[in-house]
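Peer 1: Questions regarding the structure given below will be posed in turn.
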Amino acid sequence: MAKKFTSLTTEHHQFIKAQKLFFVATADSKSRINLSPKGMDSFRLTGNNTALWLNMTGSGNETAAHVLADGRMTIMFCAFEGKPIILRLYGTARAIHPRDPEWESLIQNFPATPGARQIFEQDIDLIVTSCGMAVPYFDYKEERNHLNSWAKKKGSEGLSDYWTEKNRFSLDGKPTGITEE
């Protein structure tokens, strides 16, 4: 049975901290729904109703376009070991870019990671837990280092060029805000 909360509990904090994988869903009223798996050491809770996640350079930038247009974001965690649980964080988000004044203070929450593109700050207005009894067990092996290696090889200028070429617009042609235009 699903349970609703207006702020995160200590148990929610502990569950989230133990997860190696989470999923981010966004859309605006006229776009495709984007659902992305996220890993690495890229998620932080900064309170009982605020979350940060460090977004790495990727082939698209749908989340940024949707957040810029609408702001709605859902983050989902599910247990792949232990007690079966699914936890969703509903709220609105904003993107913070390396050019923004808050970047320097917020990036300190994360390990140095090449290819860091944005930090999303989510204001959580609803937390829902439900059973995860149909979610299979999986064993965590290790993080993949492919993205870090790729970003290091590109270098900061190469990443900037990549953002301009590949990350400025969503699949639906909406601006992402990755570059100052």
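Here, A, B, ... name the chains of the structure tokens in the order displayed, residue numbers run from 1 inside each chain, and ligands are numbered from 1 in the same displayed order.
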Give the strand (DSSP E or B) residues of segment 16-168 of chain A, as DSSP finds them on the backbone, and put them as a VMD selection string.
Peer 2: chain A and resid 22 to 26 34 to 38 43 to 45 50 to 56 72 to 78 86 to 96 116 to 130
Peer 1: Which residues come within 10 Å of Gly173 of chain A, counting only C-alpha atoms, excluding same-chain residues fewer than 2 positions away, as a PyMOL selection string?
Peer 2: chain A and resi 31+62+65+168-171+175-176
Peer 1: Identify which of the residues A:Ala134, A:Pro111, A:Gly60, A:His66 lies closest to Lys166 of chain A, counting only C-alpha atoms when measuring atom-to-atom distances.
Peer 2: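 That would be A:Gly60, the residue with the smallest distance to Lys166 of chain A.
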Peer 1: Give me the residues near segment 144-152 of chain A as number ranges by chain, where near means some atom within 12 Å (using only C-alpha atoms) and where sequence neighbours in that chain fewer than 5 positions away do not count.
Peer 2: A: 20, 38-41, 55-59, 112-117, 157-163
Peer 1: Could you check the closest approach to Ala79 of chain A for each of A:Asn109, A:Thr26, A:Ser130, A:Asn49 and tell me which residue wins, using only C-alpha atoms?
Peer 2: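 Of the candidates, the smallest distance to Ala79 of chain A is held by A:Ser130.
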Peer 1: So which residues of chain A fall under helix (DSSP H, G or I) by DSSP, listed as a PyMOL selection string?
Peer 2: chain A and resi 10-18+62-69+103-107+146-166
Peer 1: Using only C-alpha atoms, tabulate the residues of segment 148-181 of chain A lying at most 10 Å from any atom of segment 89-108 of chain A, each with its closest atom pair and that distance in Å to one decimal, by chain and increasing residue number, as a tab-separated table.
Peer 2:
```
residue	atom	partner	partner_atom	distance
A:Thr176	CA	A:Ala95	CA	9.4
A:Gly177	CA	A:Ala95	CA	8.5
A:Ile178	CA	A:His97	CA	7.1
A:Thr179	CA	A:His97	CA	8.9
A:Glu180	CA	A:Arg99	CA	8.9
```
Peer 1: Can you tell me which residues surround Thr50 of chain A at a distance of at most 6 Å, considering only C-alpha atoms, apart from same-chain residues fewer than 5 positions away, and format the answer as a PyMOL selection string?
Peer 2: chain A and resi 122-124
Peer 1: List as a list in words the protein and nucleic acid residues near Ser42 of chain A, meaning an atom at most 8 Å away when only C-alpha atoms are counted, but skip any in the same chain fewer than 5 places from it.
Peer 2: Trp53, Leu54, Asn55 and Phe110 of chain A
Peer 1: Extract, using only C-alpha atoms, all DNA, RNA and protein residues at most 8 Å from Met133 of chain A, discarding same-chain residues fewer than 2 positions from it, and format them as a VMD selection string.
Peer 2: chain A and resid 84 to 85 131 135 to 136
